[in-house]
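Next comes final_1.txt, with compact mmCIF, C-alpha atoms (C1' of nucleotides).
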```
# COMPACT_ATOMS: atom_id res chain seq x y z
CA MET S 1 -23.71 -9.30 108.29
CA ASN S 2 -24.01 -6.36 110.63
CA LEU S 3 -27.53 -5.08 110.99
CA ASP S 4 -26.77 -1.62 112.35
CA ASP S 5 -24.17 -0.83 109.73
CA THR S 6 -26.37 -2.15 106.94
CA ILE S 7 -29.49 -0.28 107.94
CA ASN S 8 -27.55 2.86 108.74
CA SER S 9 -25.86 3.30 105.41
CA GLY S 10 -28.35 5.59 103.72
CA GLN S 11 -30.05 3.04 101.51
CA ILE S 12 -33.30 2.61 103.45
CA PHE S 13 -35.31 5.05 105.49
CA LEU S 14 -38.44 3.54 106.99
CA TRP S 15 -36.75 1.80 109.90
CA LYS S 16 -36.51 2.48 113.57
CA LYS S 17 -34.64 0.82 116.37
CA ILE S 18 -36.37 0.04 119.63
CA ASN S 19 -34.18 -1.56 122.25
CA SER S 20 -32.15 -3.99 120.18
CA ASN S 21 -34.81 -4.61 117.54
CA TRP S 22 -35.12 -2.93 114.18
CA TYR S 23 -38.66 -2.46 112.89
CA GLY S 24 -39.20 -1.60 109.28
CA VAL S 25 -41.45 -1.62 106.28
CA ASN S 26 -40.45 -2.99 102.92
CA GLY S 27 -43.32 -2.55 100.50
CA LYS S 28 -46.18 -4.57 101.92
CA LYS S 29 -44.04 -6.41 104.39
CA ILE S 30 -43.34 -5.51 107.98
CA LEU S 31 -40.06 -6.84 109.24
CA ILE S 32 -38.60 -7.08 112.69
CA LEU S 33 -34.91 -7.78 112.84
CA ARG S 34 -32.32 -8.35 115.46
CA GLN S 35 -28.69 -9.21 115.06
CA ASP S 36 -29.34 -12.89 115.79
CA PHE S 37 -32.34 -13.31 113.44
CA ASP S 38 -33.26 -16.39 111.47
CA ILE S 39 -31.47 -16.31 108.12
CA LYS S 40 -33.46 -19.23 106.75
CA ASN S 41 -36.54 -17.04 106.45
CA ASN S 42 -37.19 -16.41 102.74
CA ASP S 43 -38.01 -12.71 103.04
CA ILE S 44 -34.83 -12.15 105.00
CA HIS S 45 -32.71 -14.08 102.56
CA GLU S 46 -34.05 -12.01 99.70
CA PHE S 47 -33.84 -8.69 101.50
CA PHE S 48 -30.23 -9.10 102.55
CA ARG S 49 -29.08 -10.55 99.24
CA PHE S 50 -27.69 -13.64 100.89
CA GLY S 51 -27.72 -15.19 97.44
CA ASP S 52 -24.76 -12.98 96.48
CA ASP S 53 -21.34 -14.54 96.66
CA PHE S 54 -20.01 -12.07 99.16
CA GLN S 55 -16.62 -13.72 99.45
CA ARG S 56 -16.12 -13.10 95.78
CA ILE S 57 -17.35 -9.54 96.01
CA LYS S 58 -14.97 -8.92 98.86
CA LYS S 59 -12.08 -10.45 96.98
CA GLU S 60 -12.79 -8.35 93.89
CA LEU S 61 -13.09 -5.11 95.80
CA SER S 62 -10.05 -5.79 97.96
CA LYS S 63 -7.86 -5.25 94.93
CA ASP S 64 -8.32 -1.60 95.77
CA LYS S 65 -6.28 -0.61 98.83
CA MET S 66 -8.61 2.02 100.16
CA LEU S 67 -11.58 -0.26 99.83
CA LYS S 68 -9.79 -3.14 101.51
CA LYS S 69 -9.30 -0.90 104.52
CA VAL S 70 -12.88 0.35 104.53
CA MET S 71 -14.26 -3.17 104.28
CA GLU S 72 -12.21 -4.12 107.30
CA ARG S 73 -13.82 -1.26 109.18
CA PHE S 74 -17.36 -2.26 108.15
CA PRO S 75 -17.10 -5.95 107.31
CA GLY S 76 -20.79 -6.58 107.85
CA MET S 77 -22.31 -3.85 105.73
CA ARG S 78 -24.42 -5.12 102.84
CA ILE S 79 -26.50 -3.74 100.04
CA LEU S 80 -30.16 -4.57 100.46
CA ARG S 81 -32.73 -5.65 97.93
CA GLN S 82 -35.62 -3.31 98.56
CA ASP S 83 -39.15 -3.26 97.35
CA PRO S 84 -38.75 -1.45 93.99
CA PHE S 85 -41.66 0.95 94.24
CA GLN S 86 -40.73 2.04 97.73
CA CYS S 87 -37.14 2.51 96.66
CA TYR S 88 -38.20 4.45 93.56
CA ILE S 89 -40.32 6.91 95.52
CA SER S 90 -37.77 7.12 98.34
CA PHE S 91 -35.01 8.38 96.12
CA ILE S 92 -37.21 10.69 94.08
CA VAL S 93 -38.07 12.27 97.39
CA SER S 94 -34.42 12.37 98.45
CA SER S 95 -33.25 15.01 96.01
CA ASN S 96 -31.51 17.99 97.56
CA SER S 97 -32.31 16.75 101.06
CA ASN S 98 -30.73 15.12 104.08
CA ILE S 99 -31.52 11.77 105.66
CA PRO S 100 -33.70 12.95 108.57
CA ASN S 101 -35.71 14.99 106.12
CA ILE S 102 -36.18 12.11 103.70
CA GLN S 103 -37.24 9.86 106.54
CA THR S 104 -39.88 12.32 107.74
CA ARG S 105 -41.34 12.68 104.27
CA LEU S 106 -41.60 8.94 103.74
CA ARG S 107 -43.20 8.42 107.12
CA LYS S 108 -45.78 11.07 106.38
CA LEU S 109 -46.47 9.59 102.95
CA SER S 110 -46.98 6.15 104.50
CA ARG S 111 -49.22 7.54 107.20
CA SER S 112 -51.35 9.42 104.69
CA PHE S 113 -51.55 6.90 101.88
CA GLY S 114 -50.45 3.52 103.23
CA GLU S 115 -52.50 0.78 104.82
CA LYS S 116 -52.46 0.60 108.59
CA LYS S 117 -51.38 -2.74 110.06
CA LYS S 118 -50.74 -4.12 113.48
CA LYS S 119 -47.87 -6.48 114.06
CA TYR S 120 -45.51 -7.32 116.89
CA GLY S 121 -47.85 -5.38 119.15
CA GLN S 122 -47.23 -2.18 117.25
CA GLU S 123 -48.87 -0.06 114.63
CA PHE S 124 -47.33 0.25 111.18
CA PHE S 125 -48.21 1.86 107.90
CA LEU S 126 -47.32 -0.11 104.80
CA PHE S 127 -45.72 1.75 101.94
CA PRO S 128 -48.44 3.25 99.72
CA GLU S 129 -49.54 1.38 96.61
CA PRO S 130 -48.68 2.96 93.24
CA GLU S 131 -52.39 3.37 92.54
CA LYS S 132 -52.96 5.27 95.75
CA LEU S 133 -50.22 7.80 95.05
CA ALA S 134 -51.17 8.04 91.39
CA ASN S 135 -54.68 9.05 92.35
CA ALA S 136 -53.69 11.34 95.18
CA SER S 137 -53.87 15.09 94.66
CA VAL S 138 -50.59 16.96 94.46
CA ASN S 139 -51.94 19.10 97.24
CA ASP S 140 -52.34 16.16 99.60
CA ILE S 141 -48.88 14.89 98.71
CA LEU S 142 -47.52 18.37 99.40
CA LYS S 143 -48.81 18.10 102.95
CA CYS S 144 -46.21 15.42 103.54
CA GLY S 145 -43.49 18.05 103.24
CA LEU S 146 -42.28 17.12 99.78
CA GLY S 147 -42.13 20.64 98.37
CA TYR S 148 -41.44 20.70 94.66
CA ARG S 149 -40.99 16.92 94.69
CA ALA S 150 -44.74 16.38 95.18
CA LYS S 151 -45.43 16.62 91.49
CA TYR S 152 -42.55 14.24 90.76
CA VAL S 153 -44.07 11.63 93.05
CA LYS S 154 -47.49 11.90 91.52
CA LYS S 155 -46.19 11.53 87.97
CA ALA S 156 -43.82 8.75 88.91
CA ALA S 157 -46.61 6.82 90.59
CA ILE S 158 -48.78 7.28 87.52
CA ALA S 159 -45.99 5.87 85.33
CA VAL S 160 -45.89 2.73 87.45
CA ASN S 161 -49.65 2.46 87.71
CA GLU S 162 -50.05 2.76 83.94
CA GLY S 163 -47.29 0.28 83.28
CA THR S 164 -44.94 2.73 81.55
CA ILE S 165 -42.49 1.79 84.26
CA ASN S 166 -42.43 -1.91 84.96
CA PHE S 167 -39.92 -3.04 87.54
CA SER S 168 -39.72 -6.68 86.53
CA SER S 169 -38.99 -5.62 82.94
CA LEU S 170 -36.33 -3.19 84.12
CA LYS S 171 -34.68 -6.00 86.06
CA LYS S 172 -34.31 -8.00 82.89
CA GLN S 173 -32.88 -5.13 80.86
CA SER S 174 -29.23 -4.14 80.73
CA TYR S 175 -28.03 -1.59 83.24
CA LEU S 176 -27.85 1.25 80.73
CA ASP S 177 -31.20 0.51 79.10
CA ALA S 178 -32.90 0.33 82.45
CA ARG S 179 -31.28 3.57 83.53
CA ASP S 180 -32.38 5.34 80.37
CA ASP S 181 -35.96 4.18 80.93
CA LEU S 182 -35.97 5.37 84.52
CA CYS S 183 -34.57 8.75 83.49
CA GLN S 184 -37.63 9.31 81.31
CA VAL S 185 -39.64 9.77 84.49
CA PHE S 186 -40.09 13.38 85.54
CA GLY S 187 -38.01 13.88 88.67
CA ILE S 188 -35.52 11.08 88.02
CA GLY S 189 -32.02 11.96 86.91
CA LYS S 190 -29.00 9.71 86.69
CA LYS S 191 -28.18 9.73 90.38
CA VAL S 192 -31.65 8.78 91.51
CA ALA S 193 -31.91 6.19 88.74
CA ASP S 194 -28.67 4.61 89.95
CA CYS S 195 -29.99 4.42 93.50
CA ILE S 196 -33.11 2.65 92.35
CA LEU S 197 -31.12 0.26 90.16
CA LEU S 198 -28.58 -0.59 92.82
CA PHE S 199 -30.88 -0.86 95.81
CA SER S 200 -33.87 -2.60 94.27
CA LEU S 201 -33.24 -3.83 90.73
CA ASP S 202 -30.11 -5.95 91.10
CA LYS S 203 -27.80 -3.72 89.06
CA LEU S 204 -24.64 -3.91 91.09
CA GLU S 205 -22.71 -1.89 88.54
CA ALA S 206 -24.92 1.13 89.25
CA VAL S 207 -22.94 3.74 91.16
CA PRO S 208 -24.95 6.69 92.47
CA LEU S 209 -22.71 9.73 92.12
CA ASP S 210 -23.72 12.36 94.61
CA ARG S 211 -21.89 15.22 96.32
CA TRP S 212 -20.40 12.83 98.84
CA VAL S 213 -19.08 10.31 96.37
CA LEU S 214 -17.61 13.15 94.35
CA ARG S 215 -15.84 14.48 97.41
CA ILE S 216 -14.63 11.00 98.30
CA LEU S 217 -13.19 10.47 94.85
CA GLN S 218 -11.44 13.83 94.96
CA LYS S 219 -10.06 13.11 98.39
CA TYR S 220 -8.84 9.53 98.02
CA TYR S 221 -8.74 8.85 94.31
CA SER S 222 -7.32 11.99 92.76
CA LYS S 223 -4.81 9.94 90.80
CA GLU S 224 -7.29 7.41 89.45
CA PHE S 225 -10.07 9.83 88.61
CA LYS S 226 -9.11 13.36 87.77
CA ILE S 227 -12.15 15.34 88.71
CA LYS S 228 -12.15 18.93 87.53
CA THR S 229 -15.64 20.08 88.34
CA LYS S 230 -17.14 20.77 91.71
CA SER S 231 -20.61 19.60 90.78
CA ILE S 232 -21.73 16.75 88.59
CA THR S 233 -23.16 17.51 85.19
CA GLU S 234 -24.82 15.10 82.78
CA LYS S 235 -21.60 14.62 80.91
CA THR S 236 -19.19 14.26 83.81
CA TYR S 237 -21.56 11.76 85.36
CA ASP S 238 -21.20 9.28 82.52
CA GLU S 239 -17.48 9.80 82.07
CA LEU S 240 -16.86 9.26 85.74
CA HIS S 241 -19.17 6.29 85.95
CA ASP S 242 -17.26 4.53 83.18
CA LYS S 243 -13.96 5.08 84.92
CA ILE S 244 -15.34 3.88 88.22
CA VAL S 245 -16.65 0.64 86.78
CA ASP S 246 -13.34 0.16 85.00
CA HIS S 247 -11.52 0.57 88.27
CA PHE S 248 -13.73 -1.32 90.72
CA GLY S 249 -15.25 -3.89 88.39
CA GLU S 250 -18.71 -5.43 88.23
CA TYR S 251 -19.44 -4.82 91.91
CA ALA S 252 -18.74 -1.10 91.74
CA GLY S 253 -22.07 -0.43 93.42
CA TYR S 254 -20.86 -2.17 96.55
CA ALA S 255 -17.66 -0.13 96.39
CA GLN S 256 -19.68 3.08 96.37
CA GLN S 257 -21.72 1.94 99.36
CA PHE S 258 -18.66 1.13 101.45
CA LEU S 259 -16.95 4.40 100.62
CA PHE S 260 -20.10 6.37 101.32
CA LYS S 261 -20.67 4.65 104.65
CA ASN S 262 -17.07 5.19 105.69
CA GLU S 263 -16.97 8.87 104.86
CA ARG S 264 -20.31 9.66 106.47
CA GLU S 265 -19.25 7.88 109.64
CA SER S 266 -16.04 9.86 109.68
CA PHE S 267 -18.01 13.08 109.58
CA GLU S 268 -20.56 11.72 112.06
CA LYS S 269 -23.46 12.43 109.81
CA LYS S 270 -26.90 11.46 111.03
CA TRP S 271 -28.54 8.15 110.21
CA LEU S 272 -32.01 6.93 111.06
CA GLY S 273 -33.62 8.34 114.17
C1' DA U 1 -24.43 19.98 73.65
C1' DC U 2 -23.01 22.23 77.99
C1' DC U 3 -23.80 25.60 81.94
C1' DT U 4 -26.23 28.13 85.50
C1' DG U 5 -29.70 29.24 88.60
C1' DA U 6 -34.01 28.30 90.94
C1' DC U 7 -36.41 25.23 93.72
C1' DC U 8 -39.89 23.36 98.55
C1' DT U 9 -39.17 22.16 103.15
C1' DC U 10 -37.10 21.10 107.35
C1' DG U 11 -32.84 20.42 110.68
C1' DT U 12 -29.44 22.94 112.70
C1' DC U 13 -26.73 26.56 113.84
C1' DT U 14 -26.06 31.42 115.09
C1' DA G 1 -36.09 33.84 119.20
C1' DA G 2 -36.03 34.87 114.32
C1' DG G 3 -33.17 34.32 110.26
C1' DA G 4 -29.80 32.11 107.45
C1' DC G 5 -27.88 27.98 105.69
C1' DG G 6 -27.41 23.72 103.40
C1' DA G 7 -28.94 19.05 102.50
C1' DG G 8 -27.08 11.97 98.96
C1' DG G 9 -30.47 16.54 92.56
C1' DT G 10 -33.39 17.81 88.73
C1' DC G 11 -35.41 20.80 85.45
C1' DA G 12 -35.74 24.78 82.47
C1' DG G 13 -33.82 28.51 80.08
```
How does the structure come out when it is put into structure tokens?
Amino acid sequence: MNLDDTINSGQIFLWKKINSNWYGVNGKKILILRQDFDIKNNDIHEFFRFGDDFQRIKKELSKDKMLKKVMERFPGMRILRQDPFQCYISFIVSSNSNIPNIQTRLRKLSRSFGEKKKKYGQEFFLFPEPEKLANASVNDILKCGLGYRAKYVKKAAIAVNEGTINFSSLKKQSYLDARDDLCQVFGIGKKVADCILLFSLDKLEAVPLDRWVLRILQKYYSKEFKIKTKSITEKTYDELHDKIVDHFGEYAGYAQQFLFKNERESFEKKWLG
DNA sequence: ACCTGACCTCGTCT
DNA sequence: AAGACGAGGTCAG
């Protein structure tokens, strides 16, 4: 497992690197990580999905030539198991934005609505509780730079606080059922739903299809997936998703993450700062 | 059922 | 230095 590659792959945002240590917040937990950390720690084991049979995942995905090459370039990149509520809000806030922007918004949200804690000689803000965001005014949320997403966040937090959205239930449901439920939330479309499912609800067949993945598929997989449109519509999303899972198999979500990481690195896009 | 345009805000780039 | 541009989408018409 490679810490830098894993953290800098666009799946988590509330992390910063100081010297050779990564400091981050996952829900109510503050984590400090370095490349030689203790993997026996329970939180770490859970967070990094060490329960997954990565050898098998690697073997499955290596059937695809492109992916085999990309996995050799980033052999230590993993998908993380995030705190669901933090992940849910993070990707609602991500729409039509770039990574530095998303990171700023989440930091401001945590600072305004999260509990302050001291650990490792530093000050942290935990990720806000659903109740806190549900009861916040849209105006105060707006101050965190969310723009039109402020109202999404408020409603989404209310859904969790009321129990309309229940993460442990979603985990037990099938991928498609869980996705449909998430898409009922104002501000969540299929792409955001897939991010939440893949990064926090153990649905490894979820494949977030964004502009980048679309470009990647056009560039390297024009034979496998004939993509006509420039943007993704409701319909093309499902069609494409089916083909992708057919091609990559049950760990298609991992495939997406490797391809995304690879392409962003090639274009030297920004990660966490 | 599609398809198109508007949308908040903040980095960058010019 | 001010203004334009685009960024890991979603909603409404």
Inset, instruction - Place a sphere of radius 9 Å on (-36.0, 19.7, 107.1) in the file coordinates and name every protein, DNA or RNA residue with an atom inside or on its surface, counting all atoms listed in the file; give the answer as a PyMOL selection string. - result: (chain S and resi 97-98+100-102+104+145) or (chain U and resi 9-11) or (chain G and resi 7)
Go ahead and write the residues just picked, C-alpha atoms (C1' of nucleotides), as a tab-separated table (two decimals), in the coordinates of the input.
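Result saved to selection15.tsv:
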```tsv
chain	number	residue	atom	x	y	z
S	97	SER	CA	-32.31	16.75	101.06
S	98	ASN	CA	-30.73	15.12	104.08
S	100	PRO	CA	-33.70	12.95	108.57
S	101	ASN	CA	-35.71	14.99	106.12
S	102	ILE	CA	-36.18	12.11	103.70
S	104	THR	CA	-39.88	12.32	107.74
S	145	GLY	CA	-43.49	18.05	103.24
U	9	DT	C1'	-39.17	22.16	103.15
U	10	DC	C1'	-37.10	21.10	107.35
U	11	DG	C1'	-32.84	20.42	110.68
G	7	DA	C1'	-28.94	19.05	102.50
```
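Using all atoms listed in the file, the nearest neighbour of Tyr152 of chain S within the list S:Leu240, S:Ile188, S:Ile196, S:Ile165 is S:Ile188.
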Inset, instruction - Write out as a list of chain:residue names which residues come within 12 Å of DT14 of chain U when counting all atoms listed in the file, dropping same-chain ones fewer than 5 positions away. - result: G:DA1, G:DA2, G:DG3, G:DA4, G:DC5
Inset, instruction - Between atom CA of Ile92 of chain S and atom CA of Gly27 of chain S, measure the distance and give it in Å to one decimal. - result: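 Atom CA of Gly27 of chain S lies at a distance of 15.9 Å from atom CA of Ile92 of chain S.
Neighbourhood of point (-36.5, 28.1, 94.2): residues with an atom at most 12 Å away, counting only C-alpha atoms (C1' of nucleotides), are Asn96, Gly147 and Tyr148 of chain S; DG5, DA6, DC7, DC8 and DT9 of chain U; DC11 of chain G.
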Specify as a tab-separated table (two decimals) with C-alpha atoms, in the coordinates of the input all residues of chain S found within 9 Å of chain G, counting only C-alpha atoms (C1' of nucleotides).
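Heads up, here's the output in out_27.tsv:
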```
chain	number	residue	atom	x	y	z
S	10	GLY	CA	-28.35	5.59	103.72
S	94	SER	CA	-34.42	12.37	98.45
S	95	SER	CA	-33.25	15.01	96.01
S	96	ASN	CA	-31.51	17.99	97.56
S	97	SER	CA	-32.31	16.75	101.06
S	98	ASN	CA	-30.73	15.12	104.08
S	99	ILE	CA	-31.52	11.77	105.66
S	101	ASN	CA	-35.71	14.99	106.12
S	186	PHE	CA	-40.09	13.38	85.54
S	187	GLY	CA	-38.01	13.88	88.67
S	188	ILE	CA	-35.52	11.08	88.02
S	189	GLY	CA	-32.02	11.96	86.91
S	191	LYS	CA	-28.18	9.73	90.38
S	192	VAL	CA	-31.65	8.78	91.51
S	208	PRO	CA	-24.95	6.69	92.47
S	209	LEU	CA	-22.71	9.73	92.12
S	210	ASP	CA	-23.72	12.36	94.61
S	211	ARG	CA	-21.89	15.22	96.32
S	212	TRP	CA	-20.40	12.83	98.84
S	213	VAL	CA	-19.08	10.31	96.37
```
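Using all atoms listed in the file, the smallest distance between any of S:Ala193, S:Cys144, S:Ile216, S:Leu198 and chain U comes from S:Cys144.
Considering only C-alpha atoms (C1' of nucleotides), the residue among S:Glu250, S:Glu234, S:Asp52, S:Asp242 positioned nearest to DC3 of chain U is S:Glu234.
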Incomplete segment 225-250 of chain S brought to N, CA and C atoms, written out as a PDB file, in the coordinates of the input:
```
ATOM      1  N   PHE S 225      -9.034   9.064  89.306  1.00  0.00           N
ATOM      2  CA  PHE S 225     -10.070   9.830  88.610  1.00  0.00           C
ATOM      3  C   PHE S 225      -9.776  11.309  88.764  1.00  0.00           C
ATOM      4  N   LYS S 226      -9.379  11.919  87.687  1.00  0.00           N
ATOM      5  CA  LYS S 226      -9.110  13.360  87.770  1.00  0.00           C
ATOM      6  C   LYS S 226     -10.413  14.125  87.619  1.00  0.00           C
ATOM      7  N   ILE S 227     -10.875  14.633  88.731  1.00  0.00           N
ATOM      8  CA  ILE S 227     -12.150  15.340  88.710  1.00  0.00           C
ATOM      9  C   ILE S 227     -11.892  16.845  88.697  1.00  0.00           C
ATOM     10  N   LYS S 228     -12.375  17.487  87.659  1.00  0.00           N
ATOM     11  CA  LYS S 228     -12.150  18.930  87.530  1.00  0.00           C
ATOM     12  C   LYS S 228     -13.273  19.725  88.168  1.00  0.00           C
ATOM     13  N   THR S 229     -14.496  19.269  87.908  1.00  0.00           N
ATOM     14  CA  THR S 229     -15.640  20.080  88.340  1.00  0.00           C
ATOM     15  C   THR S 229     -16.012  19.848  89.802  1.00  0.00           C
ATOM     16  N   LYS S 230     -16.684  20.848  90.338  1.00  0.00           N
ATOM     17  CA  LYS S 230     -17.140  20.770  91.710  1.00  0.00           C
ATOM     18  C   LYS S 230     -18.471  20.028  91.800  1.00  0.00           C
ATOM     19  N   SER S 231     -19.313  20.280  90.817  1.00  0.00           N
ATOM     20  CA  SER S 231     -20.610  19.600  90.780  1.00  0.00           C
ATOM     21  C   SER S 231     -20.638  18.628  89.609  1.00  0.00           C
ATOM     22  N   ILE S 232     -21.636  17.773  89.632  1.00  0.00           N
ATOM     23  CA  ILE S 232     -21.730  16.750  88.590  1.00  0.00           C
ATOM     24  C   ILE S 232     -22.719  17.171  87.513  1.00  0.00           C
ATOM     25  N   THR S 233     -22.266  17.205  86.296  1.00  0.00           N
ATOM     26  CA  THR S 233     -23.160  17.510  85.190  1.00  0.00           C
ATOM     27  C   THR S 233     -23.482  16.193  84.483  1.00  0.00           C
ATOM     28  N   GLU S 234     -24.418  16.265  83.560  1.00  0.00           N
ATOM     29  CA  GLU S 234     -24.820  15.100  82.780  1.00  0.00           C
ATOM     30  C   GLU S 234     -23.603  14.387  82.196  1.00  0.00           C
ATOM     31  N   LYS S 235     -22.733  15.187  81.629  1.00  0.00           N
ATOM     32  CA  LYS S 235     -21.600  14.620  80.910  1.00  0.00           C
ATOM     33  C   LYS S 235     -20.573  14.005  81.863  1.00  0.00           C
ATOM     34  N   THR S 236     -20.201  14.770  82.883  1.00  0.00           N
ATOM     35  CA  THR S 236     -19.190  14.260  83.810  1.00  0.00           C
ATOM     36  C   THR S 236     -19.697  13.017  84.525  1.00  0.00           C
ATOM     37  N   TYR S 237     -20.992  12.920  84.688  1.00  0.00           N
ATOM     38  CA  TYR S 237     -21.560  11.760  85.360  1.00  0.00           C
ATOM     39  C   TYR S 237     -21.212  10.477  84.602  1.00  0.00           C
ATOM     40  N   ASP S 238     -21.464  10.488  83.315  1.00  0.00           N
ATOM     41  CA  ASP S 238     -21.200   9.280  82.520  1.00  0.00           C
ATOM     42  C   ASP S 238     -19.710   8.963  82.409  1.00  0.00           C
ATOM     43  N   GLU S 239     -18.927  10.002  82.176  1.00  0.00           N
ATOM     44  CA  GLU S 239     -17.480   9.800  82.070  1.00  0.00           C
ATOM     45  C   GLU S 239     -16.941   9.151  83.343  1.00  0.00           C
ATOM     46  N   LEU S 240     -17.344   9.731  84.444  1.00  0.00           N
ATOM     47  CA  LEU S 240     -16.860   9.260  85.740  1.00  0.00           C
ATOM     48  C   LEU S 240     -17.358   7.845  86.026  1.00  0.00           C
ATOM     49  N   HIS S 241     -18.608   7.616  85.706  1.00  0.00           N
ATOM     50  CA  HIS S 241     -19.170   6.290  85.950  1.00  0.00           C
ATOM     51  C   HIS S 241     -18.379   5.208  85.210  1.00  0.00           C
ATOM     52  N   ASP S 242     -18.042   5.488  83.964  1.00  0.00           N
ATOM     53  CA  ASP S 242     -17.260   4.530  83.180  1.00  0.00           C
ATOM     54  C   ASP S 242     -15.923   4.220  83.847  1.00  0.00           C
ATOM     55  N   LYS S 243     -15.258   5.268  84.284  1.00  0.00           N
ATOM     56  CA  LYS S 243     -13.960   5.080  84.920  1.00  0.00           C
ATOM     57  C   LYS S 243     -14.077   4.282  86.214  1.00  0.00           C
ATOM     58  N   ILE S 244     -15.136   4.565  86.943  1.00  0.00           N
ATOM     59  CA  ILE S 244     -15.340   3.880  88.220  1.00  0.00           C
ATOM     60  C   ILE S 244     -15.569   2.387  88.019  1.00  0.00           C
ATOM     61  N   VAL S 245     -16.396   2.051  87.051  1.00  0.00           N
ATOM     62  CA  VAL S 245     -16.650   0.640  86.780  1.00  0.00           C
ATOM     63  C   VAL S 245     -15.381  -0.040  86.259  1.00  0.00           C
ATOM     64  N   ASP S 246     -14.634   0.685  85.460  1.00  0.00           N
ATOM     65  CA  ASP S 246     -13.340   0.160  85.000  1.00  0.00           C
ATOM     66  C   ASP S 246     -12.443  -0.171  86.177  1.00  0.00           C
ATOM     67  N   HIS S 247     -12.426   0.730  87.124  1.00  0.00           N
ATOM     68  CA  HIS S 247     -11.520   0.570  88.270  1.00  0.00           C
ATOM     69  C   HIS S 247     -11.991  -0.489  89.266  1.00  0.00           C
ATOM     70  N   PHE S 248     -13.250  -0.429  89.655  1.00  0.00           N
ATOM     71  CA  PHE S 248     -13.730  -1.320  90.720  1.00  0.00           C
ATOM     72  C   PHE S 248     -14.315  -2.636  90.205  1.00  0.00           C
ATOM     73  N   GLY S 249     -14.703  -2.661  88.943  1.00  0.00           N
ATOM     74  CA  GLY S 249     -15.250  -3.890  88.390  1.00  0.00           C
ATOM     75  C   GLY S 249     -16.762  -4.000  88.513  1.00  0.00           C
ATOM     76  N   GLU S 250     -17.261  -5.215  88.333  1.00  0.00           N
ATOM     77  CA  GLU S 250     -18.710  -5.430  88.230  1.00  0.00           C
ATOM     78  C   GLU S 250     -19.479  -5.159  89.523  1.00  0.00           C
TER      79      GLU S 250
END
```
